[in-house]
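All remarks here apply to the structure that follows.
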Amino acid sequence: MSVAPPTGGVLVDRYGRVARDLRVSLTDKCNLRCTYCMPAEGLPWLGGPQLLTDDEVIRLIRVAVRQLGVTEVRFTGGEPLIRPGLVGIVAAVAALDPRPRLSVTTNGIGLERMAPALRAAGLDRVNVSLDTLHRERFARLTRRDRLPDVLAGLAGAATAGLTPVKVNSVLMRGVNDDEAPALLRFALDHGYELRFIEQMPLDAQHGWDRASMVTAAEILTALRTAYALSPDPTERGAAPAETWLVDGGPARVGVIGTVTRPFCGDCDRTRLTADGQIRNCLFATEESDLRGALRAGADDAELARRWRAATWGKRAGHGIDDPTFLQPARPMSAIGG
């Protein structure tokens, strides 16, 4: 293997992993204040000039798709539905040749209203965060009484054809860790695909504690009190979730064990923050600036070269188990999922 980053071709790192999945954060702002993500008062948001414009976002995605082999684009935040230009961005990216698969990760607020326009623009599907089915508990967790809006958003996405509708749930010890079977029942009843995600050290308060995290093994144990789970014979590939057939299938449930069952060796992701920084990992402590080069007049070939160089430096793993691990300075809301 060469010791220098490649000068052409796809986004490959020194370990041979190819990044074909691009996560694009469109804003660091959010209309919820989830306790495991940010403080009640919110965070210092990025200023307008710091954010990539719609045209800049579209251009960088075009470079990724046409020159770097990206085949899947996921729009994230913060909360991407509050980005005013979201529908136009989706439409522009859907018009690219080759056309990438397009999805959005959202908290679901406003999705009922926006789903038809997003589907018409070319969005393929959505991931919606939902950690509890109890309205009072939802209000405590998110500091907003918006559970009915999220449930309506899920239904609206399904009606609009943004399928499969995926639900992301984070269980927290002593908070909602009793809801695993109920959340799966809800997903099965509505035809949604449920993914449980281990709580990660990406909170703005840096209050994450591994000892209080509900592990993948504990989630599976809880699910098996109500359902028979069997290994999914479908090849996992680079998907972050391990999946199981529920009561023999065809329904499935997934668990993303980022902390206790890391999948770094198969990671195929690259990330673009709302202010134009390339990140190779959610837990990276370094970033590579594309915004500065773009605004200084760099052509597409130069932007692609910088992106390849950034990807080449990707580390072998996230290092959470390393005693020297440091939580990233930026919280999840500023990085994008």
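As shown in the structure tokens, the chain order sets the letters A, B, ...; within each chain, residues go from 1, and ligands are also counted from 1 in the order they appear.
Every protein or nucleic acid residue with an atom no more than 8 Å from A:Arg146, counting only C-alpha atoms and leaving out same-chain residues fewer than 6 positions away, appears here: A:Ile109, A:Arg135, A:Phe138, A:Ala139.
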Convert the current residue selection to file output with N, CA and C atoms, as an mmCIF file, in the first residue's frame.
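And here is the file that came out, again.cif:
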data_model
loop_
_atom_site.group_PDB
_atom_site.id
_atom_site.type_symbol
_atom_site.label_atom_id
_atom_site.label_comp_id
_atom_site.auth_asym_id
_atom_site.auth_seq_id
_atom_site.Cartn_x
_atom_site.Cartn_y
_atom_site.Cartn_z
ATOM 1 N N ILE A 109 -40.357 16.430 13.863
ATOM 2 C CA ILE A 109 -41.227 17.593 14.036
ATOM 3 C C ILE A 109 -41.286 18.369 12.714
ATOM 4 N N ARG A 135 -45.906 10.351 26.589
ATOM 5 C CA ARG A 135 -45.869 11.795 26.313
ATOM 6 C C ARG A 135 -45.137 12.573 27.404
ATOM 7 N N PHE A 138 -41.469 11.839 27.166
ATOM 8 C CA PHE A 138 -40.912 12.533 25.998
ATOM 9 C C PHE A 138 -40.628 13.990 26.343
ATOM 10 N N ALA A 139 -41.579 14.632 27.021
ATOM 11 C CA ALA A 139 -41.402 16.033 27.381
ATOM 12 C C ALA A 139 -40.218 16.222 28.322
#
Can you pull out every residue within 10 Å of A:Ala155, counting only C-alpha atoms, but drop anything in the same chain fewer than 4 positions away, and send it as a PDB file with N, CA and C atoms, in the first residue's frame?
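Okay, this is what ended up in part_30.pdb:
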ATOM      1  N   GLY A 108     -38.477  14.420  13.451  1.00  0.00           N
ATOM      2  CA  GLY A 108     -39.844  14.202  13.011  1.00  0.00           C
ATOM      3  C   GLY A 108     -40.767  15.382  13.157  1.00  0.00           C
ATOM      4  N   LEU A 111     -42.320  16.954   9.966  1.00  0.00           N
ATOM      5  CA  LEU A 111     -42.205  15.997   8.870  1.00  0.00           C
ATOM      6  C   LEU A 111     -43.547  15.719   8.206  1.00  0.00           C
ATOM      7  N   GLU A 112     -44.613  15.691   8.987  1.00  0.00           N
ATOM      8  CA  GLU A 112     -45.935  15.452   8.396  1.00  0.00           C
ATOM      9  C   GLU A 112     -46.217  16.472   7.293  1.00  0.00           C
ATOM     10  N   ALA A 115     -43.202  16.082   4.296  1.00  0.00           N
ATOM     11  CA  ALA A 115     -42.944  14.804   3.635  1.00  0.00           C
ATOM     12  C   ALA A 115     -43.341  14.779   2.160  1.00  0.00           C
ATOM     13  N   ASP A 149     -46.511  15.363  17.505  1.00  0.00           N
ATOM     14  CA  ASP A 149     -45.979  15.836  16.230  1.00  0.00           C
ATOM     15  C   ASP A 149     -45.034  14.805  15.611  1.00  0.00           C
ATOM     16  N   VAL A 150     -44.251  14.149  16.463  1.00  0.00           N
ATOM     17  CA  VAL A 150     -43.319  13.135  15.959  1.00  0.00           C
ATOM     18  C   VAL A 150     -44.083  11.942  15.406  1.00  0.00           C
ATOM     19  N   LEU A 151     -45.105  11.492  16.130  1.00  0.00           N
ATOM     20  CA  LEU A 151     -45.902  10.362  15.660  1.00  0.00           C
ATOM     21  C   LEU A 151     -46.617  10.704  14.356  1.00  0.00           C
ATOM     22  N   THR A 159     -47.016   7.649   4.538  1.00  0.00           N
ATOM     23  CA  THR A 159     -48.045   7.972   3.550  1.00  0.00           C
ATOM     24  C   THR A 159     -47.441   8.569   2.288  1.00  0.00           C
ATOM     25  N   ALA A 160     -46.383   9.369   2.462  1.00  0.00           N
ATOM     26  CA  ALA A 160     -45.741  10.022   1.309  1.00  0.00           C
ATOM     27  C   ALA A 160     -44.838   9.069   0.529  1.00  0.00           C
ATOM     28  N   VAL A 165     -39.533   3.522   6.447  1.00  0.00           N
ATOM     29  CA  VAL A 165     -39.407   4.479   7.538  1.00  0.00           C
ATOM     30  C   VAL A 165     -38.654   3.801   8.676  1.00  0.00           C
ATOM     31  N   HIS A 190     -46.812  -0.616  12.950  1.00  0.00           N
ATOM     32  CA  HIS A 190     -46.910   0.441  11.938  1.00  0.00           C
ATOM     33  C   HIS A 190     -46.059   0.184  10.700  1.00  0.00           C
ATOM     34  N   TYR A 192     -42.756   0.105  10.592  1.00  0.00           N
ATOM     35  CA  TYR A 192     -41.492   0.834  10.633  1.00  0.00           C
ATOM     36  C   TYR A 192     -40.346  -0.126  10.962  1.00  0.00           C
TER      37      TYR A 192
END
Practice item. Tell me, as a PyMOL selection string, which residues lie within 10 Å of stretch 251-253 of chain A, counting only C-alpha atoms; anything in the same chain fewer than 4 positions away does not count. Key: chain A and resi 184+187-188+191-196+220+223+229-232+241-247
Exercise for review: Determine which residues of stretch 12-202 of chain A receive a DSSP assignment of alpha helix (DSSP H), computed from the backbone, and state them as a PyMOL selection string.
Suggested key: chain A and resi 54-68+86-94+111-121+135-142+147-160+180-190
Residues from the last selection, C-alpha atoms, saved as a PDB file, in the first residue's frame:
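Output saved as selection-v6.pdb:
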ATOM      1  CA  ASP A  54     -27.265  26.006  -0.283  1.00  0.00           C
ATOM      2  CA  ASP A  55     -25.190  26.331  -3.455  1.00  0.00           C
ATOM      3  CA  GLU A  56     -21.999  25.449  -1.565  1.00  0.00           C
ATOM      4  CA  VAL A  57     -23.611  22.365  -0.037  1.00  0.00           C
ATOM      5  CA  ILE A  58     -24.828  21.234  -3.450  1.00  0.00           C
ATOM      6  CA  ARG A  59     -21.442  21.818  -5.050  1.00  0.00           C
ATOM      7  CA  LEU A  60     -19.550  19.800  -2.442  1.00  0.00           C
ATOM      8  CA  ILE A  61     -22.033  16.940  -2.721  1.00  0.00           C
ATOM      9  CA  ARG A  62     -21.625  17.066  -6.506  1.00  0.00           C
ATOM     10  CA  VAL A  63     -17.862  16.729  -6.084  1.00  0.00           C
ATOM     11  CA  ALA A  64     -18.378  13.790  -3.730  1.00  0.00           C
ATOM     12  CA  VAL A  65     -20.759  11.998  -6.085  1.00  0.00           C
ATOM     13  CA  ARG A  66     -19.156  12.675  -9.457  1.00  0.00           C
ATOM     14  CA  GLN A  67     -15.480  12.583  -8.540  1.00  0.00           C
ATOM     15  CA  LEU A  68     -15.221  10.598  -5.314  1.00  0.00           C
ATOM     16  CA  LEU A  86     -33.742  21.648   2.390  1.00  0.00           C
ATOM     17  CA  VAL A  87     -36.250  20.801  -0.348  1.00  0.00           C
ATOM     18  CA  GLY A  88     -34.219  22.653  -2.984  1.00  0.00           C
ATOM     19  CA  ILE A  89     -31.001  20.949  -1.866  1.00  0.00           C
ATOM     20  CA  VAL A  90     -32.655  17.535  -2.084  1.00  0.00           C
ATOM     21  CA  ALA A  91     -33.993  18.302  -5.561  1.00  0.00           C
ATOM     22  CA  ALA A  92     -30.585  19.444  -6.817  1.00  0.00           C
ATOM     23  CA  VAL A  93     -28.803  16.387  -5.458  1.00  0.00           C
ATOM     24  CA  ALA A  94     -31.489  14.036  -6.790  1.00  0.00           C
ATOM     25  CA  LEU A 111     -42.205  15.997   8.870  1.00  0.00           C
ATOM     26  CA  GLU A 112     -45.935  15.452   8.396  1.00  0.00           C
ATOM     27  CA  ARG A 113     -46.125  18.785   6.561  1.00  0.00           C
ATOM     28  CA  MET A 114     -42.879  18.465   4.631  1.00  0.00           C
ATOM     29  CA  ALA A 115     -42.944  14.804   3.635  1.00  0.00           C
ATOM     30  CA  PRO A 116     -44.872  15.221   0.354  1.00  0.00           C
ATOM     31  CA  ALA A 117     -42.565  18.006  -0.875  1.00  0.00           C
ATOM     32  CA  LEU A 118     -39.449  16.059   0.127  1.00  0.00           C
ATOM     33  CA  ARG A 119     -40.693  12.952  -1.681  1.00  0.00           C
ATOM     34  CA  ALA A 120     -41.505  15.001  -4.789  1.00  0.00           C
ATOM     35  CA  ALA A 121     -38.009  16.528  -4.649  1.00  0.00           C
ATOM     36  CA  ARG A 135     -45.869  11.795  26.313  1.00  0.00           C
ATOM     37  CA  GLU A 136     -44.746  13.015  29.741  1.00  0.00           C
ATOM     38  CA  ARG A 137     -41.494  11.105  29.472  1.00  0.00           C
ATOM     39  CA  PHE A 138     -40.912  12.533  25.998  1.00  0.00           C
ATOM     40  CA  ALA A 139     -41.402  16.033  27.381  1.00  0.00           C
ATOM     41  CA  ARG A 140     -38.869  15.385  30.143  1.00  0.00           C
ATOM     42  CA  LEU A 141     -36.335  13.882  27.743  1.00  0.00           C
ATOM     43  CA  THR A 142     -36.594  16.531  25.038  1.00  0.00           C
ATOM     44  CA  LEU A 147     -44.601  13.586  20.907  1.00  0.00           C
ATOM     45  CA  PRO A 148     -47.863  13.890  18.907  1.00  0.00           C
ATOM     46  CA  ASP A 149     -45.979  15.836  16.230  1.00  0.00           C
ATOM     47  CA  VAL A 150     -43.319  13.135  15.959  1.00  0.00           C
ATOM     48  CA  LEU A 151     -45.902  10.362  15.660  1.00  0.00           C
ATOM     49  CA  ALA A 152     -47.731  12.369  12.996  1.00  0.00           C
ATOM     50  CA  GLY A 153     -44.436  12.881  11.190  1.00  0.00           C
ATOM     51  CA  LEU A 154     -43.785   9.153  11.097  1.00  0.00           C
ATOM     52  CA  ALA A 155     -47.242   8.480   9.684  1.00  0.00           C
ATOM     53  CA  GLY A 156     -46.853  11.306   7.169  1.00  0.00           C
ATOM     54  CA  ALA A 157     -43.542   9.933   5.944  1.00  0.00           C
ATOM     55  CA  ALA A 158     -45.059   6.498   5.381  1.00  0.00           C
ATOM     56  CA  THR A 159     -48.045   7.972   3.550  1.00  0.00           C
ATOM     57  CA  ALA A 160     -45.741  10.022   1.309  1.00  0.00           C
ATOM     58  CA  ALA A 180     -37.537  -1.781  24.438  1.00  0.00           C
ATOM     59  CA  PRO A 181     -40.352  -4.323  23.840  1.00  0.00           C
ATOM     60  CA  ALA A 182     -42.997  -1.579  23.579  1.00  0.00           C
ATOM     61  CA  LEU A 183     -40.981   0.385  21.038  1.00  0.00           C
ATOM     62  CA  LEU A 184     -40.555  -2.747  18.944  1.00  0.00           C
ATOM     63  CA  ARG A 185     -44.277  -3.522  19.170  1.00  0.00           C
ATOM     64  CA  PHE A 186     -45.038   0.026  18.004  1.00  0.00           C
ATOM     65  CA  ALA A 187     -42.675  -0.330  15.029  1.00  0.00           C
ATOM     66  CA  LEU A 188     -44.060  -3.723  14.049  1.00  0.00           C
ATOM     67  CA  ASP A 189     -47.647  -2.486  14.248  1.00  0.00           C
ATOM     68  CA  HIS A 190     -46.910   0.441  11.938  1.00  0.00           C
TER      69      HIS A 190
END
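Taking stretch 119-235 of chain A and asking which residues DSSP calls strand (DSSP E) on the backbone, you get Arg125, Val126, Asn127, Val128, Ser129, Lys166, Val167, Asn168, Ser169, Glu193, Leu194, Arg195, Phe196, Ile197, Leu229, Ser230 and Pro231 of chain A.
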Include C-alpha atoms and write out the residues we just selected as a short mmCIF file (atom, residue, chain, number, x, y, z; two decimals), in the first residue's frame.
data_model
loop_
_atom_site.label_atom_id
_atom_site.label_comp_id
_atom_site.auth_asym_id
_atom_site.auth_seq_id
_atom_site.Cartn_x
_atom_site.Cartn_y
_atom_site.Cartn_z
CA ARG A 125 -36.51 7.64 2.90
CA VAL A 126 -36.22 8.97 6.46
CA ASN A 127 -34.81 7.99 9.86
CA VAL A 128 -36.82 9.42 12.75
CA SER A 129 -35.57 9.62 16.33
CA LYS A 166 -36.72 3.79 10.12
CA VAL A 167 -37.00 4.65 13.81
CA ASN A 168 -33.89 5.34 15.90
CA SER A 169 -34.16 4.83 19.66
CA GLU A 193 -37.95 -0.52 10.95
CA LEU A 194 -36.58 -0.05 14.47
CA ARG A 195 -32.93 0.51 15.33
CA PHE A 196 -31.71 0.82 18.91
CA ILE A 197 -28.51 2.87 19.28
CA LEU A 229 -34.90 -13.16 17.88
CA SER A 230 -32.84 -15.10 15.36
CA PRO A 231 -29.76 -14.00 13.39
#
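Relative to atom CA of A:Arg269, atom CA of A:Ser212 is found at 27.8 Å.
Take atom CA of A:Val10 and atom CA of A:Thr163: the distance between them is 28.6 Å.
Atom CA of A:Gly297 lies 20.2 Å from atom CA of A:Gly8.
Distance check against A:Asp21 using only C-alpha atoms: of A:Gly265, A:Gly237, A:Pro100, A:Gly249, the minimum falls on A:Pro100.
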Review point. Given the choices A:Thr270, A:Asn107, A:Asn176, A:Gln277, which gets closest to A:Gly69 if the distance is worked out from only C-alpha atoms?
Key: A:Thr270
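Take the candidates A:Gln50, A:Thr35, A:Ala239, A:Tyr15 and check each one against A:Gly317 using only C-alpha atoms; the shortest distance goes to A:Tyr15.
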Using only C-alpha atoms, determine which residues lie at most 8 Å from A:Arg291, disregarding the query and same-chain residues fewer than 6 positions distant; provide the list as a PDB file with N, CA and C atoms, in the first residue's frame.
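The file below, out00.pdb, is the result:
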ATOM      1  N   LEU A  52     -22.284  26.841   5.371  1.00  0.00           N
ATOM      2  CA  LEU A  52     -22.279  26.699   3.922  1.00  0.00           C
ATOM      3  C   LEU A  52     -23.617  27.165   3.370  1.00  0.00           C
ATOM      4  N   ASP A 275     -20.581  23.809   8.634  1.00  0.00           N
ATOM      5  CA  ASP A 275     -19.652  24.897   8.328  1.00  0.00           C
ATOM      6  C   ASP A 275     -18.507  24.433   7.422  1.00  0.00           C
ATOM      7  N   GLY A 276     -18.712  23.323   6.714  1.00  0.00           N
ATOM      8  CA  GLY A 276     -17.795  22.955   5.649  1.00  0.00           C
ATOM      9  C   GLY A 276     -16.533  22.239   6.056  1.00  0.00           C
ATOM     10  N   GLN A 277     -16.599  21.480   7.146  1.00  0.00           N
ATOM     11  CA  GLN A 277     -15.440  20.709   7.594  1.00  0.00           C
ATOM     12  C   GLN A 277     -15.660  19.226   7.293  1.00  0.00           C
TER      13      GLN A 277
END
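Shortest separation to A:Arg17 among A:Thr234, A:Ser288, A:Thr258, A:Asn280 occurs at residue A:Asn280, atoms counted being only C-alpha atoms.
In terms of minimum interatomic distance to A:Phe75, A:Leu123 ranks closest within A:Leu303, A:Ala316, A:Leu171, A:Leu123, counting only C-alpha atoms.
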Exercise for review: Show which residues sit within 9 Å of A:Ala293, as a PyMOL selection string. Count only C-alpha atoms, and ignore same-chain residues fewer than 4 positions away.
Suggested key: chain A and resi 289+297-299+302-303+306
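Checking A:Ala284, A:Ala301, A:Leu46, A:Val70 one by one against A:Asp28, counting only C-alpha atoms, you find the shortest gap at A:Leu46.
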